[in-house]
file upload.tsv (TSV, C-alpha atoms and all ligand atoms)
chain	number	residue	atom	x	y	z
A	1	MET	CA	0.00	0.00	0.00
A	2	ARG	CA	1.05	3.63	-0.40
A	3	ALA	CA	2.06	5.68	2.65
A	4	ILE	CA	3.70	9.02	3.43
A	5	GLN	CA	6.79	8.57	5.59
A	6	PHE	CA	9.64	10.74	6.79
A	7	SER	CA	13.04	9.61	8.02
A	8	ARG	CA	14.43	13.03	8.99
A	9	THR	CA	12.74	16.15	10.36
A	10	GLY	CA	12.43	19.33	8.32
A	11	GLY	CA	10.20	21.12	5.83
A	12	PRO	CA	7.44	19.54	3.73
A	13	ASP	CA	10.10	18.15	1.35
A	14	VAL	CA	11.07	15.46	3.92
A	15	LEU	CA	7.73	13.73	3.25
A	16	GLU	CA	8.16	10.75	0.94
A	17	LEU	CA	5.61	8.57	-0.81
A	18	VAL	CA	6.61	4.95	-0.19
A	19	GLU	CA	5.22	1.50	-0.92
A	20	VAL	CA	4.91	-0.63	2.23
A	21	ASP	CA	3.30	-3.92	3.18
A	22	PRO	CA	-0.24	-3.46	4.52
A	23	PRO	CA	-0.28	-4.01	8.29
A	24	SER	CA	-2.24	-6.85	9.87
A	25	PRO	CA	-4.13	-6.39	13.12
A	26	ALA	CA	-2.46	-7.67	16.32
A	27	PRO	CA	-4.65	-8.82	19.24
A	28	GLY	CA	-6.92	-5.95	20.27
A	29	GLN	CA	-6.40	-4.06	17.02
A	30	VAL	CA	-8.51	-3.34	13.96
A	31	LEU	CA	-7.32	-2.88	10.39
A	32	ILE	CA	-9.00	0.16	8.83
A	33	ARG	CA	-9.14	0.80	5.08
A	34	HIS	CA	-9.03	4.62	4.83
A	35	GLU	CA	-11.55	6.59	2.79
A	36	ALA	CA	-10.41	10.02	3.98
A	37	ILE	CA	-7.42	11.18	6.02
A	38	GLY	CA	-7.49	14.25	8.26
A	39	ILE	CA	-4.66	16.74	8.09
A	40	ASN	CA	-3.88	18.48	11.36
A	41	PHE	CA	-1.44	21.18	12.32
A	42	ILE	CA	0.12	18.73	14.79
A	43	ASP	CA	1.32	16.73	11.77
A	44	THR	CA	3.58	19.67	10.90
A	45	TYR	CA	5.01	19.69	14.45
A	46	HIS	CA	5.89	16.00	14.12
A	47	ARG	CA	7.39	16.57	10.67
A	48	SER	CA	9.43	19.64	11.74
A	49	GLY	CA	10.72	18.05	14.94
A	50	LEU	CA	8.92	20.48	17.30
A	51	TYR	CA	7.27	17.36	18.79
A	52	PRO	CA	9.96	14.64	18.53
A	53	VAL	CA	8.97	11.20	17.23
A	54	LYS	CA	10.91	8.04	16.54
A	55	LEU	CA	11.94	7.91	12.85
A	56	PRO	CA	11.26	6.72	10.25
A	57	THR	CA	7.52	6.89	10.70
A	58	THR	CA	4.30	7.20	8.74
A	59	LEU	CA	2.85	10.61	9.54
A	60	GLY	CA	-0.76	11.35	10.46
A	61	GLY	CA	-3.14	10.64	13.33
A	62	GLU	CA	-6.65	10.93	11.92
A	63	ALA	CA	-8.66	9.03	9.34
A	64	ALA	CA	-12.06	7.52	8.63
A	65	GLY	CA	-12.93	4.39	6.70
A	66	VAL	CA	-14.12	0.82	7.00
A	67	VAL	CA	-12.93	-1.99	9.27
A	68	GLU	CA	-11.34	-4.61	7.05
A	69	ALA	CA	-10.25	-7.14	9.68
A	70	VAL	CA	-10.16	-7.41	13.47
A	71	GLY	CA	-7.44	-8.90	15.67
A	72	GLU	CA	-7.92	-11.56	18.32
A	73	GLY	CA	-10.20	-10.55	21.17
A	74	VAL	CA	-11.83	-7.58	19.46
A	75	THR	CA	-15.56	-7.40	20.17
A	76	ARG	CA	-16.09	-3.64	19.78
A	77	PHE	CA	-16.03	-3.79	15.96
A	78	LYS	CA	-16.46	-6.25	13.10
A	79	ALA	CA	-15.43	-6.16	9.45
A	80	GLY	CA	-17.53	-3.68	7.49
A	81	ASP	CA	-18.10	-1.21	10.35
A	82	ARG	CA	-17.67	2.49	9.51
A	83	VAL	CA	-15.14	4.00	11.90
A	84	ALA	CA	-12.75	6.87	12.55
A	85	TYR	CA	-9.85	7.63	14.89
A	86	ALA	CA	-7.91	10.62	16.15
A	87	GLY	CA	-4.41	10.15	17.54
A	88	GLY	CA	-1.39	7.96	16.99
A	89	PHE	CA	0.55	7.55	13.75
A	90	GLY	CA	0.21	5.76	10.44
A	91	GLY	CA	-2.66	7.92	9.21
A	92	TYR	CA	-1.19	9.16	5.92
A	93	ALA	CA	-1.61	5.76	4.25
A	94	GLU	CA	-4.19	3.67	2.46
A	95	ALA	CA	-4.81	1.64	5.63
A	96	ASN	CA	-3.74	1.55	9.27
A	97	VAL	CA	-4.04	-0.62	12.36
A	98	MET	CA	-5.31	0.93	15.57
A	99	ALA	CA	-6.19	-0.36	19.04
A	100	ALA	CA	-9.93	-1.03	18.82
A	101	ASP	CA	-10.57	0.91	22.03
A	102	ARG	CA	-9.09	4.07	20.43
A	103	VAL	CA	-11.45	3.89	17.44
A	104	VAL	CA	-15.01	5.26	17.30
A	105	ARG	CA	-18.01	4.27	15.27
A	106	VAL	CA	-19.15	6.81	12.65
A	107	PRO	CA	-22.94	7.20	12.78
A	108	ASP	CA	-25.13	6.81	9.69
A	109	GLY	CA	-25.61	10.21	8.14
A	110	VAL	CA	-22.00	11.31	8.74
A	111	ASP	CA	-19.87	10.54	5.70
A	112	ALA	CA	-16.23	9.47	5.91
A	113	ARG	CA	-14.90	12.80	4.68
A	114	THR	CA	-16.81	14.73	7.33
A	115	ALA	CA	-15.69	12.30	10.04
A	116	ALA	CA	-12.03	12.57	9.01
A	117	ALA	CA	-12.28	16.36	8.83
A	118	ALA	CA	-14.04	16.75	12.15
A	119	LEU	CA	-13.09	14.07	14.67
A	120	LEU	CA	-9.78	15.34	16.03
A	121	LYS	CA	-10.61	19.03	15.62
A	122	GLY	CA	-14.16	18.69	16.95
A	123	MET	CA	-13.25	16.59	20.01
A	124	THR	CA	-10.61	19.24	20.76
A	125	VAL	CA	-13.34	21.86	20.78
A	126	GLU	CA	-15.65	19.68	22.88
A	127	ALA	CA	-12.92	19.04	25.44
A	128	PHE	CA	-11.65	22.58	25.76
A	129	ILE	CA	-14.94	24.55	25.78
A	130	ARG	CA	-16.91	22.06	27.90
A	131	ARG	CA	-14.36	20.45	30.20
A	132	CYS	CA	-11.05	22.38	30.26
A	133	TYR	CA	-12.88	25.67	30.81
A	134	PRO	CA	-16.67	25.12	30.84
A	135	VAL	CA	-17.98	28.13	28.90
A	136	GLN	CA	-21.34	29.44	30.09
A	137	ALA	CA	-24.10	31.03	28.01
A	138	GLY	CA	-23.65	34.78	27.87
A	139	GLN	CA	-19.86	34.74	28.35
A	140	THR	CA	-17.69	36.50	25.80
A	141	VAL	CA	-14.94	34.28	24.42
A	142	LEU	CA	-11.88	35.12	22.33
A	143	VAL	CA	-11.06	32.56	19.60
A	144	HIS	CA	-7.90	32.97	17.53
A	145	ALA	CA	-7.52	31.58	13.97
A	146	ALA	CA	-11.29	31.31	13.82
A	147	ALA	CA	-11.54	30.39	10.13
A	148	GLY	CA	-9.22	27.38	10.51
A	149	GLY	CA	-10.14	23.74	11.07
A	150	VAL	CA	-10.49	23.85	14.85
A	151	GLY	CA	-11.49	27.53	14.79
A	152	GLN	CA	-14.58	27.09	12.61
A	153	ILE	CA	-15.96	24.30	14.78
A	154	MET	CA	-15.17	26.27	17.97
A	155	VAL	CA	-16.99	29.41	16.79
A	156	GLN	CA	-20.12	27.44	15.86
A	157	TRP	CA	-20.16	25.32	19.03
A	158	LEU	CA	-19.68	28.39	21.25
A	159	LYS	CA	-22.55	30.13	19.48
A	160	ALA	CA	-24.71	27.01	19.95
A	161	ILE	CA	-24.22	27.18	23.73
A	162	GLY	CA	-25.05	30.87	23.84
A	163	ALA	CA	-21.63	32.49	24.11
A	164	GLU	CA	-20.63	35.74	22.44
A	165	VAL	CA	-17.63	35.17	20.17
A	166	ILE	CA	-14.77	37.52	19.35
A	167	ALA	CA	-12.89	35.88	16.47
A	168	THR	CA	-9.46	36.73	15.10
A	169	VAL	CA	-8.43	35.91	11.53
A	170	GLY	CA	-5.60	36.62	9.13
A	171	SER	CA	-7.45	37.99	6.09
A	172	GLU	CA	-10.64	39.73	4.93
A	173	ALA	CA	-11.83	36.54	3.25
A	174	LYS	CA	-11.41	34.62	6.50
A	175	ALA	CA	-13.19	37.44	8.37
A	176	ALA	CA	-16.22	36.99	6.12
A	177	ARG	CA	-16.12	33.25	6.80
A	178	ALA	CA	-15.98	33.77	10.59
A	179	ARG	CA	-18.96	36.16	10.41
A	180	ASP	CA	-20.94	33.62	8.34
A	181	LEU	CA	-20.31	31.04	11.06
A	182	GLY	CA	-21.79	33.35	13.67
A	183	ALA	CA	-18.85	35.24	15.17
A	184	ASP	CA	-20.19	38.41	16.81
A	185	HIS	CA	-16.98	40.43	16.37
A	186	VAL	CA	-14.04	39.80	14.05
A	187	ILE	CA	-10.55	41.21	14.49
A	188	LEU	CA	-7.92	41.14	11.75
A	189	TYR	CA	-5.05	40.25	14.05
A	190	ARG	CA	-2.32	40.96	11.50
A	191	GLU	CA	-3.42	44.61	11.32
A	192	GLN	CA	-5.37	45.49	14.44
A	193	ASP	CA	-4.37	45.74	18.12
A	194	VAL	CA	-6.19	42.66	19.45
A	195	ALA	CA	-6.10	43.54	23.17
A	196	ALA	CA	-7.28	47.11	22.51
A	197	GLU	CA	-10.14	45.82	20.32
A	198	VAL	CA	-11.17	43.21	22.91
A	199	ARG	CA	-11.18	45.91	25.64
A	200	ARG	CA	-13.27	48.16	23.41
A	201	ILE	CA	-15.79	45.39	22.64
A	202	THR	CA	-16.06	44.31	26.29
A	203	GLY	CA	-16.33	47.82	27.71
A	204	GLY	CA	-12.84	47.59	29.19
A	205	LYS	CA	-13.40	44.34	31.09
A	206	GLY	CA	-11.70	41.79	28.86
A	207	VAL	CA	-12.81	38.19	28.29
A	208	PRO	CA	-13.08	35.44	30.93
A	209	VAL	CA	-11.46	32.90	28.56
A	210	ALA	CA	-9.32	33.03	25.45
A	211	TYR	CA	-8.53	30.05	23.19
A	212	ASP	CA	-5.11	30.59	21.65
A	213	SER	CA	-3.76	28.07	19.14
A	214	VAL	CA	-1.44	30.55	17.43
A	215	GLY	CA	1.16	30.58	20.23
A	216	LYS	CA	4.14	32.87	19.89
A	217	ASP	CA	2.62	35.70	17.84
A	218	THR	CA	-0.57	36.12	19.90
A	219	TYR	CA	0.78	35.46	23.42
A	220	GLU	CA	0.96	39.08	24.58
A	221	ALA	CA	-2.30	40.03	22.87
A	222	THR	CA	-4.09	37.15	24.57
A	223	LEU	CA	-2.71	38.05	28.00
A	224	GLY	CA	-3.81	41.63	27.41
A	225	SER	CA	-7.34	40.55	26.45
A	226	LEU	CA	-8.24	38.67	29.65
A	227	SER	CA	-10.54	39.91	32.40
A	228	ARG	CA	-9.73	39.55	36.10
A	229	ARG	CA	-9.25	35.81	36.86
A	230	GLY	CA	-9.45	35.10	33.13
A	231	TRP	CA	-8.28	31.80	31.64
A	232	PHE	CA	-5.60	31.61	29.00
A	233	VAL	CA	-6.15	28.29	27.20
A	234	SER	CA	-2.99	27.91	25.11
A	235	PHE	CA	-3.46	24.91	22.86
A	236	GLY	CA	-1.28	25.28	19.77
A	237	ASN	CA	1.86	26.64	18.16
A	238	ALA	CA	0.82	27.64	14.63
A	239	SER	CA	3.26	30.59	14.72
A	240	GLY	CA	5.76	28.86	17.05
A	241	PRO	CA	5.57	27.88	20.73
A	242	ALA	CA	4.36	30.46	23.26
A	243	PRO	CA	7.13	31.82	25.50
A	244	ALA	CA	7.75	30.72	29.10
A	245	VAL	CA	5.01	31.90	31.43
A	246	GLU	CA	6.09	34.38	34.07
A	247	PRO	CA	3.97	33.85	37.22
A	248	LEU	CA	4.11	37.53	38.21
A	249	ARG	CA	2.73	38.45	34.78
A	250	LEU	CA	-0.34	36.34	35.65
A	251	LEU	CA	-0.60	38.25	38.93
A	252	ARG	CA	-0.36	41.64	37.21
A	253	GLY	CA	-2.94	40.57	34.62
A	254	GLY	CA	-5.49	40.00	37.40
A	255	SER	CA	-4.94	36.54	38.98
A	256	LEU	CA	-4.98	34.90	35.57
A	257	VAL	CA	-4.96	31.13	34.96
A	258	PHE	CA	-2.72	29.72	32.23
A	259	THR	CA	-3.30	26.17	30.99
A	260	ARG	CA	-1.73	24.25	28.13
A	261	PRO	CA	-4.04	21.32	27.40
A	262	THR	CA	-3.76	18.51	24.88
A	263	LEU	CA	-6.87	16.72	23.61
A	264	PHE	CA	-5.33	13.36	24.44
A	265	ASP	CA	-5.61	13.99	28.21
A	266	PHE	CA	-9.34	14.62	27.75
A	267	VAL	CA	-10.04	11.44	25.75
A	268	ALA	CA	-7.61	9.24	27.66
A	269	THR	CA	-10.15	6.52	28.47
A	270	THR	CA	-12.42	4.80	25.95
A	271	GLU	CA	-15.45	6.16	27.86
A	272	GLU	CA	-14.14	9.72	27.46
A	273	LEU	CA	-13.34	9.09	23.80
A	274	ASP	CA	-16.81	7.71	23.04
A	275	ALA	CA	-18.53	10.53	24.95
A	276	SER	CA	-16.52	13.24	23.22
A	277	ALA	CA	-17.07	11.76	19.75
A	278	ALA	CA	-20.79	11.28	20.45
A	279	ALA	CA	-21.16	14.91	21.55
A	280	LEU	CA	-19.42	16.03	18.35
A	281	PHE	CA	-21.47	13.80	16.07
A	282	ASP	CA	-24.65	15.11	17.79
A	283	MET	CA	-23.61	18.69	17.04
A	284	ILE	CA	-23.02	17.72	13.40
A	285	ALA	CA	-26.30	15.79	13.11
A	286	SER	CA	-28.27	18.69	14.60
A	287	GLY	CA	-26.77	21.05	12.02
A	288	LYS	CA	-25.38	23.31	14.76
A	289	VAL	CA	-21.83	22.55	13.62
A	290	LYS	CA	-21.14	22.45	9.90
A	291	VAL	CA	-17.78	21.07	8.86
A	292	GLU	CA	-16.13	22.87	5.99
A	293	ILE	CA	-13.70	20.77	4.00
A	294	GLY	CA	-11.83	23.67	2.46
A	295	GLN	CA	-9.18	21.66	0.62
A	296	THR	CA	-8.60	18.07	-0.47
A	297	PHE	CA	-5.30	16.68	-1.77
A	298	PRO	CA	-4.37	13.28	-3.18
A	299	LEU	CA	-2.34	11.26	-0.65
A	300	ALA	CA	0.77	11.67	-2.80
A	301	ASP	CA	0.52	15.47	-2.41
A	302	ALA	CA	0.94	15.51	1.37
A	303	ALA	CA	3.89	17.91	1.05
A	304	LYS	CA	1.75	20.38	-0.91
A	305	ALA	CA	-0.95	20.09	1.74
A	306	HIS	CA	1.57	20.97	4.46
A	307	GLU	CA	2.83	23.94	2.45
A	308	ALA	CA	-0.73	25.24	2.15
A	309	LEU	CA	-1.47	24.75	5.86
A	310	GLU	CA	1.74	26.38	7.05
A	311	SER	CA	1.41	29.33	4.68
A	312	ARG	CA	-2.06	30.14	6.09
A	313	ALA	CA	-3.61	29.47	2.69
A	314	THR	CA	-6.26	27.02	3.99
A	315	VAL	CA	-9.77	27.57	5.38
A	316	GLY	CA	-11.64	25.01	7.43
A	317	ALA	CA	-10.32	21.46	7.42
A	318	SER	CA	-8.02	19.78	4.89
A	319	LEU	CA	-8.08	16.14	3.81
A	320	LEU	CA	-5.81	13.69	2.03
A	321	ILE	CA	-7.68	11.25	-0.20
A	322	PRO	CA	-6.00	7.85	-0.54
B	1	LIG	P1	-5.76	25.54	11.17
B	1	LIG	O1	-6.63	25.14	10.06
B	1	LIG	O2	-6.37	26.38	12.26
B	1	LIG	O3	-4.48	26.27	10.58
B	1	LIG	C1	-3.70	27.11	11.36
B	1	LIG	C2	-4.14	28.58	11.26
B	1	LIG	O4	-3.40	29.33	12.21
B	1	LIG	C3	-3.81	29.20	9.92
B	1	LIG	O5	-4.76	28.97	8.92
B	1	LIG	C4	-3.71	30.66	10.29
B	1	LIG	O6	-4.98	31.30	10.21
B	1	LIG	C5	-3.28	30.62	11.77
B	1	LIG	N1	-1.90	31.11	11.93
B	1	LIG	C6	-1.53	32.18	12.64
B	1	LIG	N2	-0.22	32.38	12.54
B	1	LIG	C7	0.28	31.41	11.74
B	1	LIG	C8	1.57	31.11	11.26
B	1	LIG	N3	2.64	31.87	11.58
B	1	LIG	N4	1.73	30.05	10.46
B	1	LIG	C9	0.68	29.29	10.12
B	1	LIG	N5	-0.58	29.53	10.55
B	1	LIG	C10	-0.79	30.59	11.36
B	1	LIG	O7	-5.10	24.22	11.82
B	1	LIG	P2	-5.79	23.10	12.73
B	1	LIG	O8	-7.27	23.34	12.76
B	1	LIG	O9	-5.26	21.79	12.33
B	1	LIG	O10	-5.21	23.40	14.17
B	1	LIG	C11	-5.41	24.66	14.78
B	1	LIG	C12	-4.52	24.79	15.99
B	1	LIG	O11	-5.04	23.99	17.04
B	1	LIG	C13	-3.07	24.38	15.78
B	1	LIG	O12	-2.24	25.27	16.49
B	1	LIG	C14	-3.02	23.01	16.42
B	1	LIG	O13	-1.75	22.67	16.84
B	1	LIG	C15	-3.99	23.21	17.58
B	1	LIG	N6	-4.55	21.94	18.06
B	1	LIG	C16	-4.25	21.58	19.34
B	1	LIG	C17	-4.77	20.45	19.89
B	1	LIG	C18	-4.44	20.10	21.29
B	1	LIG	O14	-4.78	19.01	21.73
B	1	LIG	N7	-3.80	20.97	22.06
B	1	LIG	C19	-5.62	19.54	19.10
B	1	LIG	C20	-5.92	20.04	17.78
B	1	LIG	C21	-5.38	21.19	17.29
B	1	LIG	P3	-5.04	32.88	9.81
B	1	LIG	O15	-4.66	32.97	8.37
B	1	LIG	O16	-6.44	33.26	10.09
B	1	LIG	O17	-4.06	33.56	10.71
call {"tool": "encode", "arguments": {"input": "upload.tsv", "output": "structure tokens", "more": "lines below"}}
Ligand code: NDP
result
Amino acid sequence: MRAIQFSRTGGPDVLELVEVDPPSPAPGQVLIRHEAIGINFIDTYHRSGLYPVKLPTTLGGEAAGVVEAVGEGVTRFKAGDRVAYAGGFGGYAEANVMAADRVVRVPDGVDARTAAAALLKGMTVEAFIRRCYPVQAGQTVLVHAAAGGVGQIMVQWLKAIGAEVIATVGSEAKAARARDLGADHVILYREQDVAAEVRRITGGKGVPVAYDSVGKDTYEATLGSLSRRGWFVSFGNASGPAPAVEPLRLLRGGSLVFTRPTLFDFVATTEELDASAAALFDMIASGKVKVEIGQTFPLADAAKAHEALESRATVGASLLIP
């Protein structure tokens, strides 16, 4: 089967299309034939070396497809089931084996492309707006990179629970997209002073929670946007990692809370995984969250897909099609 591997870290050019033997499921595993493969910003961190991994490896931790075979002892799935997963490696390939208890069933009515585009990004939203910091109706929330994969789902889900959303985006076209999705206020963060705008919108108070996946470039603006006892949820490094947190800066900002969550600590058990995926699929089925697949690339063009993602040229989610 075809797979995208890398044996050294670096730019998109380290990604190589290779021919490998299809894996067979060990006890407890399922073999999944991929129909659509999710592309996530974390894939670029693995490729660049920001998040070290053992090499060589097949990149990618999200896909949807059909169970082709099950390993000994697997009762959760049978051949023919429609499934998806978020996490691990081996995703950028025609097929992959995964532990059955890390795989979720895709409900009827959700197609494979939507599942692959939404599972990792949507569970991230579920975890961080409902469990990391439980957002309440009526609260004003700052969401950076709001037209991106995670950002689009976050804006819609926050609106569905009755929050007021201040979105930041990198271009006019993305601003229009964020408004269409329901954002109440949109800030062009490459041109405008984000903290000053947030203070203006909130009558000087600031927001009780800010979701920052941009990292380095938005760190100061996010700190400056928080209200007294506000939460800084730092969950990504699209522009590079956020700097070291200075405790006295949190004091001066008004007894702020800084947290740096990863989805995988919020779906660590199979029960948590199933509950998070079910909540996401409910939001999709109800029409409250629409998943935009902004770009699709053939599997062989994984390097081009990474170039697009890292140059901020994408909107919504991106897929590789095997
Ligand atoms: P996106 O589709 O959101 O793409 C990243 C976006 O970030 C870009 O489109 C761009 O939007 C913005 N951005 C700002 N500065 C830069 C920069 N210097 N280089 C590139 N992009 C920049 O990606 P994903 O939806 O896959 O992921 C969004 C973020 O969420 C990532 O940081 C990812 O690591 C994080 N994440 C974290 C998880 C966790 O468990 N902690 C889980 C899932 C995702 P614009 O043009 O509007 O500026």
call {"tool": "closest_atom_pairs", "arguments": {"input": "upload.tsv", "of": "chain A", "to": "ligand LIG 1 (chain B)", "cutoff": "7 Å", "atoms": "only C-alpha atoms and all ligand atoms", "output": "JSON lines"}}
result
{"residue": "A:Ile39", "atom": "CA", "partner": "B:LIG1", "partner_atom": "O9", "distance": 6.6}
{"residue": "A:Asn40", "atom": "CA", "partner": "B:LIG1", "partner_atom": "O9", "distance": 3.7}
{"residue": "A:Phe41", "atom": "CA", "partner": "B:LIG1", "partner_atom": "O9", "distance": 3.9}
{"residue": "A:Ile42", "atom": "CA", "partner": "B:LIG1", "partner_atom": "O13", "distance": 4.8}
{"residue": "A:Leu120", "atom": "CA", "partner": "B:LIG1", "partner_atom": "C20", "distance": 6.3}
{"residue": "A:Lys121", "atom": "CA", "partner": "B:LIG1", "partner_atom": "C20", "distance": 5.3}
{"residue": "A:Thr124", "atom": "CA", "partner": "B:LIG1", "partner_atom": "C19", "distance": 5.3}
{"residue": "A:Ala145", "atom": "CA", "partner": "B:LIG1", "partner_atom": "O16", "distance": 4.4}
{"residue": "A:Ala146", "atom": "CA", "partner": "B:LIG1", "partner_atom": "O16", "distance": 6.4}
{"residue": "A:Ala147", "atom": "CA", "partner": "B:LIG1", "partner_atom": "O16", "distance": 5.9}
{"residue": "A:Gly148", "atom": "CA", "partner": "B:LIG1", "partner_atom": "O1", "distance": 3.5}
{"residue": "A:Gly149", "atom": "CA", "partner": "B:LIG1", "partner_atom": "O8", "distance": 3.4}
{"residue": "A:Val150", "atom": "CA", "partner": "B:LIG1", "partner_atom": "O8", "distance": 3.9}
{"residue": "A:Gly151", "atom": "CA", "partner": "B:LIG1", "partner_atom": "O2", "distance": 5.8}
{"residue": "A:Thr168", "atom": "CA", "partner": "B:LIG1", "partner_atom": "O16", "distance": 6.8}
{"residue": "A:Val169", "atom": "CA", "partner": "B:LIG1", "partner_atom": "O16", "distance": 3.6}
{"residue": "A:Gly170", "atom": "CA", "partner": "B:LIG1", "partner_atom": "O16", "distance": 3.6}
{"residue": "A:Ser171", "atom": "CA", "partner": "B:LIG1", "partner_atom": "O15", "distance": 6.2}
{"residue": "A:Lys174", "atom": "CA", "partner": "B:LIG1", "partner_atom": "O16", "distance": 6.3}
{"residue": "A:Ser213", "atom": "CA", "partner": "B:LIG1", "partner_atom": "O12", "distance": 4.1}
{"residue": "A:Val214", "atom": "CA", "partner": "B:LIG1", "partner_atom": "C6", "distance": 5.1}
{"residue": "A:Asp217", "atom": "CA", "partner": "B:LIG1", "partner_atom": "N2", "distance": 6.9}
{"residue": "A:Phe235", "atom": "CA", "partner": "B:LIG1", "partner_atom": "N7", "distance": 4.0}
{"residue": "A:Gly236", "atom": "CA", "partner": "B:LIG1", "partner_atom": "O12", "distance": 3.4}
{"residue": "A:Asn237", "atom": "CA", "partner": "B:LIG1", "partner_atom": "O12", "distance": 4.6}
{"residue": "A:Ala238", "atom": "CA", "partner": "B:LIG1", "partner_atom": "O12", "distance": 4.3}
{"residue": "A:Ser239", "atom": "CA", "partner": "B:LIG1", "partner_atom": "N3", "distance": 3.4}
{"residue": "A:Gly240", "atom": "CA", "partner": "B:LIG1", "partner_atom": "N3", "distance": 7.0}
{"residue": "A:Pro261", "atom": "CA", "partner": "B:LIG1", "partner_atom": "N7", "distance": 5.4}
{"residue": "A:Thr262", "atom": "CA", "partner": "B:LIG1", "partner_atom": "O14", "distance": 3.3}
{"residue": "A:Leu263", "atom": "CA", "partner": "B:LIG1", "partner_atom": "O14", "distance": 3.6}
{"residue": "A:Phe264", "atom": "CA", "partner": "B:LIG1", "partner_atom": "O14", "distance": 6.3}
{"residue": "A:Leu309", "atom": "CA", "partner": "B:LIG1", "partner_atom": "O3", "distance": 5.8}
{"residue": "A:Glu310", "atom": "CA", "partner": "B:LIG1", "partner_atom": "C9", "distance": 4.4}
{"residue": "A:Ser311", "atom": "CA", "partner": "B:LIG1", "partner_atom": "C9", "distance": 5.5}
{"residue": "A:Arg312", "atom": "CA", "partner": "B:LIG1", "partner_atom": "O5", "distance": 4.1}
{"residue": "A:Ala313", "atom": "CA", "partner": "B:LIG1", "partner_atom": "O5", "distance": 6.4}
{"residue": "A:Thr314", "atom": "CA", "partner": "B:LIG1", "partner_atom": "O5", "distance": 5.5}
{"residue": "A:Val315", "atom": "CA", "partner": "B:LIG1", "partner_atom": "O1", "distance": 6.1}
{"residue": "A:Gly316", "atom": "CA", "partner": "B:LIG1", "partner_atom": "O1", "distance": 5.7}
{"residue": "A:Ala317", "atom": "CA", "partner": "B:LIG1", "partner_atom": "O1", "distance": 5.8}
call {"tool": "atom_distance", "arguments": {"input": "upload.tsv", "atom1": "atom CA of Arg229 of chain A", "atom2": "atom CA of Pro208 of chain A"}}
result
7.1 Å
call {"tool": "residues_around", "arguments": {"input": "upload.tsv", "residues": "Arg105 of chain A", "least_positions_apart": "3", "cutoff": "10 Å", "atoms": "all atoms listed in the file", "output": "number ranges by chain"}}
result
A: 64-66, 76-77, 81-85, 108, 115, 274, 277-278
call {"tool": "residues_around", "arguments": {"input": "upload.tsv", "residues": "His34 of chain A", "least_positions_apart": "4", "cutoff": "10 Å", "atoms": "only C-alpha atoms", "output": "NGL selection string"}}
result
:A and (62-68 or 83-84 or 91-96 or 112 or 116 or 321-322)
call {"tool": "closest_residue", "arguments": {"input": "upload.tsv", "among": "A:Gly49, A:Gly10, A:Gly182, A:Gly253", "to": "Val207 of chain A", "atoms": "only C-alpha atoms"}}
result
A:Gly253
call {"tool": "residues_around", "arguments": {"input": "upload.tsv", "residues": "His46 of chain A", "least_positions_apart": "5", "cutoff": "9 Å", "atoms": "all atoms listed in the file", "output": "VMD selection string"}}
result
chain A and resid 9 51 to 53 59 to 60
call {"tool": "atom_distance", "arguments": {"input": "upload.tsv", "atom1": "atom CA of Ile153 of chain A", "atom2": "atom CA of Leu181 of chain A"}}
result
8.8 Å
call {"tool": "atom_distance", "arguments": {"input": "upload.tsv", "atom1": "atom CA of Gly88 of chain A", "atom2": "atom CA of Arg260 of chain A"}}
result
19.7 Å
call {"tool": "axis_aligned_box", "arguments": {"input": "upload.tsv", "around": "segment 231-244 of chain A", "padding_each_side": "3 Å", "output": "AutoDock Vina command-line options"}}
result
--center_x -0.3 --center_y 28.4 --center_z 23.1 --size_x 22.0 --size_y 12.9 --size_z 23.0
call {"tool": "residues_near_point", "arguments": {"input": "upload.tsv", "point": "(-16.1, 46.5, 21.3)", "cutoff": "12 Å", "atoms": "all atoms listed in the file", "output": "list in words"}}
result
Thr140, Glu164, Val165, Ile166, Asp184, His185, Val186, Ile187, Val194, Ala195, Ala196, Glu197, Val198, Arg199, Arg200, Ile201, Thr202, Gly203, Gly204, Lys205, Gly206, Val207 and Ser225 of chain A
call {"tool": "closest_residue", "arguments": {"input": "upload.tsv", "among": "A:Phe89, A:Asp101, A:Leu319, A:Asp111", "to": "Ile293 of chain A", "atoms": "all atoms listed in the file"}}
result
A:Leu319
call {"tool": "closest_residue", "arguments": {"input": "upload.tsv", "among": "A:Arg33, A:Thr57, A:Leu248, A:Glu307", "to": "Gly11 of chain A", "atoms": "all atoms listed in the file"}}
result
A:Glu307
call {"tool": "residues_near_point", "arguments": {"input": "upload.tsv", "point": "(2.4, 32.4, 21.9)", "cutoff": "6 Å", "atoms": "all atoms listed in the file", "output": "mmCIF file with C-alpha atoms, in the coordinates of the input"}}
result
data_model
loop_
_atom_site.group_PDB
_atom_site.id
_atom_site.type_symbol
_atom_site.label_atom_id
_atom_site.label_comp_id
_atom_site.auth_asym_id
_atom_site.auth_seq_id
_atom_site.Cartn_x
_atom_site.Cartn_y
_atom_site.Cartn_z
ATOM 1 C CA GLY A 215 1.160 30.580 20.230
ATOM 2 C CA LYS A 216 4.140 32.870 19.890
ATOM 3 C CA ASP A 217 2.620 35.700 17.840
ATOM 4 C CA THR A 218 -0.570 36.120 19.900
ATOM 5 C CA TYR A 219 0.780 35.460 23.420
ATOM 6 C CA PRO A 241 5.570 27.880 20.730
ATOM 7 C CA ALA A 242 4.360 30.460 23.260
ATOM 8 C CA PRO A 243 7.130 31.820 25.500
#
call {"tool": "closest_residue", "arguments": {"input": "upload.tsv", "among": "A:Gly90, A:Glu272, A:Gln156, A:Pro12", "to": "Gly61 of chain A", "atoms": "all atoms listed in the file"}}
result
A:Gly90
call {"tool": "residues_around", "arguments": {"input": "upload.tsv", "residues": "Pro247 of chain A", "least_positions_apart": "6", "cutoff": "12 Å", "atoms": "all atoms listed in the file", "output": "short mmCIF file (atom, residue, chain, number, x, y, z; two decimals) with C-alpha atoms, keeping the file's coordinate frame"}}
result
data_model
loop_
_atom_site.label_atom_id
_atom_site.label_comp_id
_atom_site.auth_asym_id
_atom_site.auth_seq_id
_atom_site.Cartn_x
_atom_site.Cartn_y
_atom_site.Cartn_z
CA GLY A 253 -2.94 40.57 34.62
CA GLY A 254 -5.49 40.00 37.40
CA SER A 255 -4.94 36.54 38.98
CA LEU A 256 -4.98 34.90 35.57
CA VAL A 257 -4.96 31.13 34.96
CA PHE A 258 -2.72 29.72 32.23
#
